[in-house]
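Quick look at model_12.csv (CSV, C-alpha atoms and all ligand atoms):
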```csv
chain,number,residue,atom,x,y,z
Z,162,MET,CA,17.7,17.1,69.8
Z,163,SER,CA,18.2,20.2,72.0
Z,164,VAL,CA,17.5,23.6,70.7
Z,165,THR,CA,19.1,26.4,72.6
Z,166,ILE,CA,17.1,29.4,73.9
Z,167,LYS,CA,19.3,32.4,74.2
Z,168,SER,CA,19.2,34.7,77.2
Z,169,GLN,CA,18.9,38.4,76.8
Z,170,ARG,CA,22.7,38.7,77.2
Z,171,GLU,CA,23.3,36.1,74.5
Z,172,ILE,CA,20.8,37.8,72.2
Z,173,GLU,CA,22.8,41.0,72.5
Z,174,LEU,CA,26.0,39.1,71.6
Z,175,MET,CA,24.2,37.4,68.7
Z,176,ARG,CA,22.9,40.8,67.5
Z,177,GLU,CA,26.4,42.3,67.5
Z,178,SER,CA,28.0,39.2,65.8
Z,179,CYS,CA,25.3,39.4,63.1
Z,180,ARG,CA,25.5,43.2,62.7
Z,181,ILE,CA,29.2,42.9,61.9
Z,182,LEU,CA,28.6,40.1,59.4
Z,183,GLY,CA,25.9,42.2,57.7
Z,184,GLU,CA,28.6,44.9,57.2
Z,185,VAL,CA,31.1,42.4,55.9
Z,186,HIS,CA,28.6,41.3,53.3
Z,187,ASP,CA,27.8,44.9,52.3
Z,188,ALA,CA,31.5,45.6,51.8
Z,189,LEU,CA,32.1,42.4,49.9
Z,190,SER,CA,29.2,43.1,47.6
Z,191,LYS,CA,31.1,46.2,46.3
Z,192,ILE,CA,34.1,44.2,45.1
Z,193,ILE,CA,32.2,41.8,42.9
Z,194,ALA,CA,33.2,42.5,39.3
Z,195,PRO,CA,34.5,40.8,36.2
Z,196,GLY,CA,38.2,40.1,36.6
Z,197,ILE,CA,38.4,39.4,40.4
Z,198,SER,CA,39.5,35.9,41.5
Z,199,THR,CA,37.5,34.0,44.0
Z,200,LYS,CA,40.6,33.9,46.2
Z,201,GLU,CA,40.8,37.7,46.3
Z,202,ILE,CA,37.2,37.8,47.6
Z,203,ASP,CA,38.3,35.3,50.4
Z,204,ILE,CA,41.4,37.4,51.3
Z,205,GLU,CA,39.3,40.6,51.5
Z,206,GLY,CA,36.6,38.9,53.5
Z,207,GLU,CA,39.0,37.4,56.0
Z,208,LYS,CA,40.7,40.8,56.4
Z,209,LEU,CA,37.4,42.5,57.0
Z,210,ILE,CA,36.2,40.0,59.6
Z,211,ARG,CA,39.5,40.3,61.5
Z,212,SER,CA,39.4,44.1,61.3
Z,213,TYR,CA,36.4,43.9,63.6
Z,214,GLY,CA,38.3,41.7,66.0
Z,215,CYS,CA,36.3,38.7,65.0
Z,216,VAL,CA,37.3,35.3,63.8
Z,217,PRO,CA,36.0,33.7,60.5
Z,218,ASN,CA,34.1,30.6,61.6
Z,219,PHE,CA,34.3,28.8,58.3
Z,220,LEU,CA,38.1,28.7,58.3
Z,221,HIS,CA,39.3,25.2,59.2
Z,222,TYR,CA,35.7,24.2,59.9
Z,223,ASN,CA,35.9,20.4,59.3
Z,224,GLY,CA,39.1,21.2,57.4
Z,225,PHE,CA,37.6,23.9,55.1
Z,226,PRO,CA,40.6,25.8,53.8
Z,227,ALA,CA,39.1,29.4,53.5
Z,228,SER,CA,37.1,32.0,55.3
Z,229,ILE,CA,34.5,32.7,52.6
Z,230,CYS,CA,32.7,30.0,50.5
Z,231,VAL,CA,32.7,31.4,47.0
Z,232,SER,CA,30.4,29.4,44.6
Z,233,VAL,CA,30.1,30.3,41.0
Z,234,ASN,CA,27.2,29.4,38.6
Z,235,ASP,CA,26.4,25.7,39.0
Z,236,GLU,CA,28.2,25.6,42.3
Z,237,VAL,CA,25.6,25.5,45.0
Z,238,VAL,CA,27.7,26.0,48.1
Z,239,HIS,CA,31.1,25.4,49.7
Z,240,GLY,CA,33.1,26.6,46.7
Z,241,ILE,CA,36.8,26.8,47.6
Z,242,PRO,CA,38.4,30.1,46.7
Z,243,ASN,CA,41.1,29.8,44.1
Z,244,LYS,CA,43.4,32.5,42.6
Z,245,LYS,CA,43.0,30.9,39.1
Z,246,LYS,CA,39.2,31.1,39.2
Z,247,ILE,CA,38.3,34.5,37.8
Z,248,LEU,CA,34.8,36.0,37.7
Z,249,LYS,CA,33.6,37.0,34.3
Z,250,GLU,CA,30.7,39.1,33.0
Z,251,GLY,CA,27.4,37.1,33.2
Z,252,ASP,CA,28.5,34.8,36.0
Z,253,ILE,CA,26.5,34.5,39.2
Z,254,VAL,CA,28.5,34.1,42.5
Z,255,SER,CA,27.3,33.1,45.9
Z,256,LEU,CA,29.2,34.3,49.0
Z,257,ASP,CA,28.6,32.4,52.2
Z,258,CYS,CA,30.4,33.4,55.4
Z,259,GLY,CA,30.2,33.8,59.1
Z,260,LEU,CA,32.2,35.0,62.1
Z,261,ILE,CA,32.6,34.6,65.8
Z,262,TYR,CA,32.2,37.6,68.1
Z,263,LYS,CA,32.9,36.9,71.8
Z,264,GLY,CA,32.0,33.3,71.3
Z,265,TYR,CA,28.8,33.8,69.3
Z,266,HIS,CA,28.5,32.8,65.7
Z,267,SER,CA,26.7,34.5,62.8
Z,268,ASP,CA,26.1,33.0,59.3
Z,269,ALA,CA,24.7,34.6,56.1
Z,270,ALA,CA,24.9,34.2,52.3
Z,271,ARG,CA,24.1,36.3,49.2
Z,272,THR,CA,24.2,35.6,45.5
Z,273,TYR,CA,25.2,38.4,43.1
Z,274,GLY,CA,25.3,38.9,39.4
Z,275,VAL,CA,28.8,39.7,37.9
Z,276,GLY,CA,28.3,42.6,35.5
Z,277,LYS,CA,25.3,42.1,33.3
Z,278,ILE,CA,23.6,38.8,33.7
Z,279,SER,CA,20.8,37.0,31.9
Z,280,ASP,CA,17.1,37.7,32.8
Z,281,GLU,CA,17.0,34.0,33.7
Z,282,ALA,CA,19.8,34.2,36.2
Z,283,GLN,CA,18.4,37.4,37.7
Z,284,LYS,CA,15.1,35.8,38.2
Z,285,LEU,CA,16.7,32.8,40.0
Z,286,ILE,CA,18.5,35.2,42.4
Z,287,ASP,CA,15.3,37.2,43.1
Z,288,VAL,CA,13.1,34.2,43.7
Z,289,THR,CA,15.7,32.6,46.0
Z,290,LYS,CA,16.0,35.8,48.1
Z,291,GLN,CA,12.2,36.3,48.2
Z,292,SER,CA,11.7,32.6,49.3
Z,293,PHE,CA,13.7,33.5,52.5
Z,294,PHE,CA,11.2,36.3,53.2
Z,295,GLU,CA,8.2,34.1,52.4
Z,296,GLY,CA,9.6,31.5,54.8
Z,297,ILE,CA,10.2,33.8,57.7
Z,298,LYS,CA,6.7,35.2,57.6
Z,299,TYR,CA,6.0,32.0,59.7
Z,300,ALA,CA,9.1,32.4,61.9
Z,301,LYS,CA,7.3,33.4,65.1
Z,302,ALA,CA,6.6,31.9,68.5
Z,303,GLY,CA,3.7,29.5,68.5
Z,304,ASN,CA,4.2,28.4,64.9
Z,305,HIS,CA,6.0,25.2,64.0
Z,306,LEU,CA,9.5,25.0,62.5
Z,307,TYR,CA,8.3,23.3,59.3
Z,308,ASP,CA,5.8,26.1,58.6
Z,309,ILE,CA,8.9,27.9,57.4
Z,310,SER,CA,10.0,25.0,55.2
Z,311,ASN,CA,6.5,24.6,53.7
Z,312,ALA,CA,6.2,28.3,52.9
Z,313,ILE,CA,9.6,28.3,51.1
Z,314,ASP,CA,8.5,25.3,49.0
Z,315,ASP,CA,5.1,26.8,48.3
Z,316,TYR,CA,6.7,29.9,46.9
Z,317,VAL,CA,9.5,28.4,44.9
Z,318,THR,CA,7.9,25.3,43.4
Z,319,PRO,CA,5.5,27.2,41.0
Z,320,PHE,CA,8.6,28.6,39.3
Z,321,GLY,CA,9.7,25.1,38.3
Z,322,TYR,CA,13.0,25.4,40.2
Z,323,GLY,CA,14.7,22.6,42.2
Z,324,ILE,CA,15.0,23.1,45.9
Z,325,VAL,CA,18.2,21.6,47.3
Z,326,ARG,CA,17.5,18.8,49.8
Z,327,ASP,CA,20.9,17.6,50.8
Z,328,LEU,CA,21.7,20.8,52.6
Z,329,VAL,CA,19.5,22.7,55.0
Z,330,GLY,CA,19.3,25.6,57.5
Z,331,HIS,CA,20.2,25.2,61.2
Z,332,GLY,CA,20.2,26.6,64.6
Z,333,ILE,CA,23.2,28.8,65.5
Z,334,GLY,CA,24.7,30.3,68.7
Z,335,THR,CA,27.9,29.2,70.5
Z,336,SER,CA,28.3,26.7,67.6
Z,337,LEU,CA,28.0,27.4,63.9
Z,338,HIS,CA,25.6,24.5,63.5
Z,339,GLU,CA,23.1,23.8,66.3
Z,340,ASP,CA,19.8,21.9,66.3
Z,341,PRO,CA,17.4,22.1,64.7
Z,342,GLN,CA,18.0,21.3,61.0
Z,343,ILE,CA,15.7,23.5,58.8
Z,344,PRO,CA,14.8,22.0,55.4
Z,345,ASN,CA,13.7,24.3,52.6
Z,346,PHE,CA,11.2,21.8,51.2
Z,347,ARG,CA,7.8,20.5,52.3
Z,348,GLN,CA,7.8,18.3,55.3
Z,349,LYS,CA,5.2,15.7,56.4
Z,350,ARG,CA,5.5,16.6,60.1
Z,351,HIS,CA,5.1,19.9,61.9
Z,352,GLY,CA,8.5,20.1,63.5
Z,353,ILE,CA,9.2,21.7,66.9
Z,354,LEU,CA,7.3,24.7,68.3
Z,355,LEU,CA,9.2,27.9,67.8
Z,356,GLU,CA,10.0,29.9,70.9
Z,357,PRO,CA,11.3,33.4,71.6
Z,358,GLY,CA,15.1,33.4,72.0
Z,359,MET,CA,15.8,30.8,69.3
Z,360,THR,CA,18.4,31.9,66.7
Z,361,LEU,CA,18.2,30.2,63.3
Z,362,ALA,CA,20.0,30.4,60.0
Z,363,ILE,CA,17.4,30.1,57.3
Z,364,GLU,CA,19.1,29.5,53.9
Z,365,PRO,CA,17.2,28.4,50.8
Z,366,MET,CA,19.5,27.0,48.0
Z,367,ILE,CA,17.6,27.0,44.7
Z,368,ASN,CA,18.5,25.5,41.3
Z,369,ILE,CA,17.1,26.4,38.0
Z,370,GLY,CA,16.9,22.7,37.1
Z,371,THR,CA,16.9,19.6,39.2
Z,372,TRP,CA,17.1,19.7,43.0
Z,373,GLU,CA,19.8,17.0,42.9
Z,374,VAL,CA,23.4,17.9,43.6
Z,375,CYS,CA,26.7,16.1,43.7
Z,376,TRP,CA,30.1,16.8,45.2
Z,377,GLU,CA,33.3,17.6,43.3
Z,378,ASP,CA,36.5,15.7,43.9
Z,379,ASP,CA,37.7,18.2,46.4
Z,380,ASP,CA,34.9,16.8,48.7
Z,381,TRP,CA,33.6,20.3,49.4
Z,382,THR,CA,32.2,22.0,46.3
Z,383,VAL,CA,28.5,21.1,45.9
Z,384,VAL,CA,27.3,21.4,42.3
Z,385,THR,CA,24.0,20.9,40.6
Z,386,GLU,CA,23.8,17.5,39.0
Z,387,ASP,CA,22.5,18.9,35.7
Z,388,GLY,CA,24.9,21.8,35.5
Z,389,SER,CA,22.1,24.4,35.9
Z,390,LEU,CA,22.6,27.7,37.9
Z,391,SER,CA,22.1,27.8,41.6
Z,392,ALA,CA,21.5,30.6,44.0
Z,393,HIS,CA,21.7,30.9,47.8
Z,394,TYR,CA,20.3,33.4,50.3
Z,395,GLU,CA,20.8,33.2,54.1
Z,396,ASN,CA,20.3,35.3,57.2
Z,397,THR,CA,20.6,34.5,60.9
Z,398,ILE,CA,17.2,35.4,62.5
Z,399,LEU,CA,15.9,35.7,66.1
Z,400,ILE,CA,12.5,34.3,67.0
Z,401,THR,CA,10.5,36.7,69.1
Z,402,GLU,CA,6.8,36.9,70.3
Z,403,GLY,CA,6.1,38.9,67.2
Z,404,GLU,CA,7.9,39.4,63.9
Z,405,PRO,CA,11.3,37.7,63.6
Z,406,GLU,CA,14.3,39.9,63.8
Z,407,ILE,CA,16.7,39.5,60.8
Z,408,LEU,CA,20.1,39.9,62.4
Z,409,THR,CA,22.5,39.8,59.4
Z,410,LEU,CA,20.7,42.1,57.0
Z,411,GLY,CA,23.3,44.9,56.9
Z,412,LYS,CA,22.4,48.4,55.8
Z,413,LYS,CA,20.9,47.3,52.4
Y,501,MG,MG,24.3,28.3,57.3
Y,502,MG,MG,26.1,30.1,55.5
```

Is it possible to give me this structure as structure tokens?
Amino acid sequence: MSVTIKSQREIELMRESCRILGEVHDALSKIIAPGISTKEIDIEGEKLIRSYGCVPNFLHYNGFPASICVSVNDEVVHGIPNKKKILKEGDIVSLDCGLIYKGYHSDAARTYGVGKISDEAQKLIDVTKQSFFEGIKYAKAGNHLYDISNAIDDYVTPFGYGIVRDLVGHGIGTSLHEDPQIPNFRQKRHGILLEPGMTLAIEPMINIGTWEVCWEDDDWTVVTEDGSLSAHYENTILITEGEPEILTLGKK
């Protein structure tokens, strides 16, 4: 396993790639409403990414047919946009996307409620988001990688939710997925030492019910095995000597 340490020049390019992605997510959050199709979200997202002179890095990645992964309710990740799939009041929807700016990748995900949602669904979204922030409290030089994994698990498990195990976070840079893999559940080992200049995508995927997932026949869409709701929250971060820099946060 080789984990890349970014130079100051590369860090600047990562910052810009991620800053743009944060703005794309901010803009997409405003179009989430009952009546919109998941395909319309993808079309708008691709248009936005290209308007910055960037390239959507999910499009054609291992054959993925769209720029934005749009996953509804029990879909965990990798939902394929579809013009016949219309969001309705009470749904929750996860948008996962990334882009390439001057050869440097960014990656981030958010889950939103569509119109008014149940308290149960809102709590899942809130806990999933907060688990990212609990995890990155440990994302600093001198700590070990799995300190992040363990902190996410310690925060989420008391809620009785299932933490997805089949999919994990990752390093990111000149490739969308670099070493190391970053699980969101407790590890028996410490993992690598974190060093300044590492850029990592931390992305807890949390289910109300079981942690177990399966794949639909399209071979992309990951769904919860028990049909329970799932939420996703991801940012690309930079490890520094001190607090981590969250690069894809946007203005919100
Ligand atoms: Mg990712
Ligand atoms: Mg992602």

Let me have all residues with an atom within 9 Å of ligand MG 501 (chain Y), counting only C-alpha atoms and all ligand atoms, laid out as a compact mmCIF listing (two decimals) with C-alpha atoms, keeping the file's coordinate frame.
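Written file, pocket.txt:
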```
# COMPACT_ATOMS: atom_id res chain seq x y z
CA ASP Z 257 28.60 32.40 52.20
CA CYS Z 258 30.40 33.40 55.40
CA GLY Z 259 30.20 33.80 59.10
CA SER Z 267 26.70 34.50 62.80
CA ASP Z 268 26.10 33.00 59.30
CA ALA Z 269 24.70 34.60 56.10
CA ALA Z 270 24.90 34.20 52.30
CA VAL Z 329 19.50 22.70 55.00
CA GLY Z 330 19.30 25.60 57.50
CA HIS Z 331 20.20 25.20 61.20
CA GLY Z 332 20.20 26.60 64.60
CA ILE Z 333 23.20 28.80 65.50
CA LEU Z 337 28.00 27.40 63.90
CA HIS Z 338 25.60 24.50 63.50
CA LEU Z 361 18.20 30.20 63.30
CA ALA Z 362 20.00 30.40 60.00
CA ILE Z 363 17.40 30.10 57.30
CA GLU Z 364 19.10 29.50 53.90
CA GLU Z 395 20.80 33.20 54.10
CA ASN Z 396 20.30 35.30 57.20
CA THR Z 397 20.60 34.50 60.90
```

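Take the candidates Z:Lys191, Z:Arg271, Z:Arg350, Z:Arg176 and check each one against Z:Ser310 using only C-alpha atoms; the shortest distance goes to Z:Arg350.
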
Quick one: residues within 7 Å of stretch 246-254 of chain Z, all atoms listed in the file, excluding same-chain residues fewer than 3 positions away - as a PDB file with C-alpha atoms, in the coordinates of the input?
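selection.pdb written:
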```pdb
ATOM      1  CA  ALA Z 194      33.200  42.500  39.300  1.00  0.00           C
ATOM      2  CA  PRO Z 195      34.500  40.800  36.200  1.00  0.00           C
ATOM      3  CA  GLY Z 196      38.200  40.100  36.600  1.00  0.00           C
ATOM      4  CA  ILE Z 197      38.400  39.400  40.400  1.00  0.00           C
ATOM      5  CA  SER Z 198      39.500  35.900  41.500  1.00  0.00           C
ATOM      6  CA  THR Z 199      37.500  34.000  44.000  1.00  0.00           C
ATOM      7  CA  VAL Z 231      32.700  31.400  47.000  1.00  0.00           C
ATOM      8  CA  SER Z 232      30.400  29.400  44.600  1.00  0.00           C
ATOM      9  CA  VAL Z 233      30.100  30.300  41.000  1.00  0.00           C
ATOM     10  CA  ASN Z 234      27.200  29.400  38.600  1.00  0.00           C
ATOM     11  CA  ASN Z 243      41.100  29.800  44.100  1.00  0.00           C
ATOM     12  CA  THR Z 272      24.200  35.600  45.500  1.00  0.00           C
ATOM     13  CA  TYR Z 273      25.200  38.400  43.100  1.00  0.00           C
ATOM     14  CA  GLY Z 274      25.300  38.900  39.400  1.00  0.00           C
ATOM     15  CA  VAL Z 275      28.800  39.700  37.900  1.00  0.00           C
ATOM     16  CA  GLY Z 276      28.300  42.600  35.500  1.00  0.00           C
ATOM     17  CA  LYS Z 277      25.300  42.100  33.300  1.00  0.00           C
ATOM     18  CA  ILE Z 278      23.600  38.800  33.700  1.00  0.00           C
ATOM     19  CA  SER Z 279      20.800  37.000  31.900  1.00  0.00           C
TER      20      SER Z 279
END
```

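Look at everything within 9 Å of (11.2, 33.5, 48.5) using all atoms listed in the file, and the residues you get are Asp287, Val288, Thr289, Lys290, Gln291, Ser292, Phe293, Phe294, Glu295, Gly296, Ala312, Ile313, Asp314, Tyr316, Val317 and Pro365 of chain Z.
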
The selected residues should be written to file as a PDB file, in the frame of the given file (atoms: C-alpha atoms).
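What ended up in part.pdb:
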```
ATOM      1  CA  ASP Z 287      15.300  37.200  43.100  1.00  0.00           C
ATOM      2  CA  VAL Z 288      13.100  34.200  43.700  1.00  0.00           C
ATOM      3  CA  THR Z 289      15.700  32.600  46.000  1.00  0.00           C
ATOM      4  CA  LYS Z 290      16.000  35.800  48.100  1.00  0.00           C
ATOM      5  CA  GLN Z 291      12.200  36.300  48.200  1.00  0.00           C
ATOM      6  CA  SER Z 292      11.700  32.600  49.300  1.00  0.00           C
ATOM      7  CA  PHE Z 293      13.700  33.500  52.500  1.00  0.00           C
ATOM      8  CA  PHE Z 294      11.200  36.300  53.200  1.00  0.00           C
ATOM      9  CA  GLU Z 295       8.200  34.100  52.400  1.00  0.00           C
ATOM     10  CA  GLY Z 296       9.600  31.500  54.800  1.00  0.00           C
ATOM     11  CA  ALA Z 312       6.200  28.300  52.900  1.00  0.00           C
ATOM     12  CA  ILE Z 313       9.600  28.300  51.100  1.00  0.00           C
ATOM     13  CA  ASP Z 314       8.500  25.300  49.000  1.00  0.00           C
ATOM     14  CA  TYR Z 316       6.700  29.900  46.900  1.00  0.00           C
ATOM     15  CA  VAL Z 317       9.500  28.400  44.900  1.00  0.00           C
ATOM     16  CA  PRO Z 365      17.200  28.400  50.800  1.00  0.00           C
TER      17      PRO Z 365
END
```

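For the residues Z:Asp315, Z:Leu260, Z:Thr371, Z:Gly411, ranking by smallest atom-to-atom distance to ligand MG 502 (chain Y) using only C-alpha atoms and all ligand atoms places Z:Leu260 first.
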
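With only C-alpha atoms and all ligand atoms as the atoms that count, the minimum distance from ligand MG 502 (chain Y) to the choices Z:Gln342, Z:His393, Z:Ile181, Z:Glu373 is reached by Z:His393.
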
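In this comparison, which uses all atoms listed in the file, the residue of Z:Phe346, Z:Tyr394, Z:Trp372, Z:Phe225 approaching ligand MG 502 (chain Y) most closely is Z:Tyr394.
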
Show me the residues around (25.2, 20.2, 35.7) - criterion: an atom at most 10 Å away, all atoms listed in the file counted - as a PyMOL selection string.
chain Z and resi 234-236+370-371+373-375+384-390

Between atom CA of Z:Val238 and atom CA of Z:Leu306, what is the spacing in Å?
23.2 Å

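For the choices Z:Ile353, Z:Ile407, Z:Leu256, Z:Ala282, the atom-to-atom distance to ligand MG 502 (chain Y) is smallest for Z:Leu256 when using all atoms listed in the file.
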
Exercise: Z:Gly303 partners within 8 Å, all atoms listed in the file, chain neighbours under 3 positions left out, as a ChimeraX atom specification:
/Z:354-356

Please identify all polymer residues within 12 Å of Z:Asn223, counting only C-alpha atoms, omitting same-chain residues fewer than 2 positions from it, and present them as a PyMOL selection string.
chain Z and resi 218-221+225-227+239+337-338+380-381

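With distances restricted to only C-alpha atoms, Z:Leu408 is the closest residue to Z:Cys179 from Z:Ile286, Z:Leu209, Z:Leu408, Z:Val164.
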
Distance atom CA of Z:Glu184-atom CA of Z:Thr335, one decimal place?
20.6 Å

Could you work out how far atom CA of Z:Ile261 lies from atom CA of Z:Thr401, giving the answer in Å with one decimal?
22.4 Å

Skip Z:Lys263 itself and residues of its chain fewer than 3 positions away, then list as a ChimeraX atom specification all residues within 12 Å of it, counting all atoms listed in the file.
/Z:170-171,173-179,213-216,260,266-267,334-336

Could you please take those selected residues and save C-alpha atoms as a compact mmCIF listing (two decimals), in the coordinates of the input?
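Contents of part00.txt, freshly written:
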```txt
# COMPACT_ATOMS: atom_id res chain seq x y z
CA ARG Z 170 22.70 38.70 77.20
CA GLU Z 171 23.30 36.10 74.50
CA GLU Z 173 22.80 41.00 72.50
CA LEU Z 174 26.00 39.10 71.60
CA MET Z 175 24.20 37.40 68.70
CA ARG Z 176 22.90 40.80 67.50
CA GLU Z 177 26.40 42.30 67.50
CA SER Z 178 28.00 39.20 65.80
CA CYS Z 179 25.30 39.40 63.10
CA TYR Z 213 36.40 43.90 63.60
CA GLY Z 214 38.30 41.70 66.00
CA CYS Z 215 36.30 38.70 65.00
CA VAL Z 216 37.30 35.30 63.80
CA LEU Z 260 32.20 35.00 62.10
CA HIS Z 266 28.50 32.80 65.70
CA SER Z 267 26.70 34.50 62.80
CA GLY Z 334 24.70 30.30 68.70
CA THR Z 335 27.90 29.20 70.50
CA SER Z 336 28.30 26.70 67.60
```
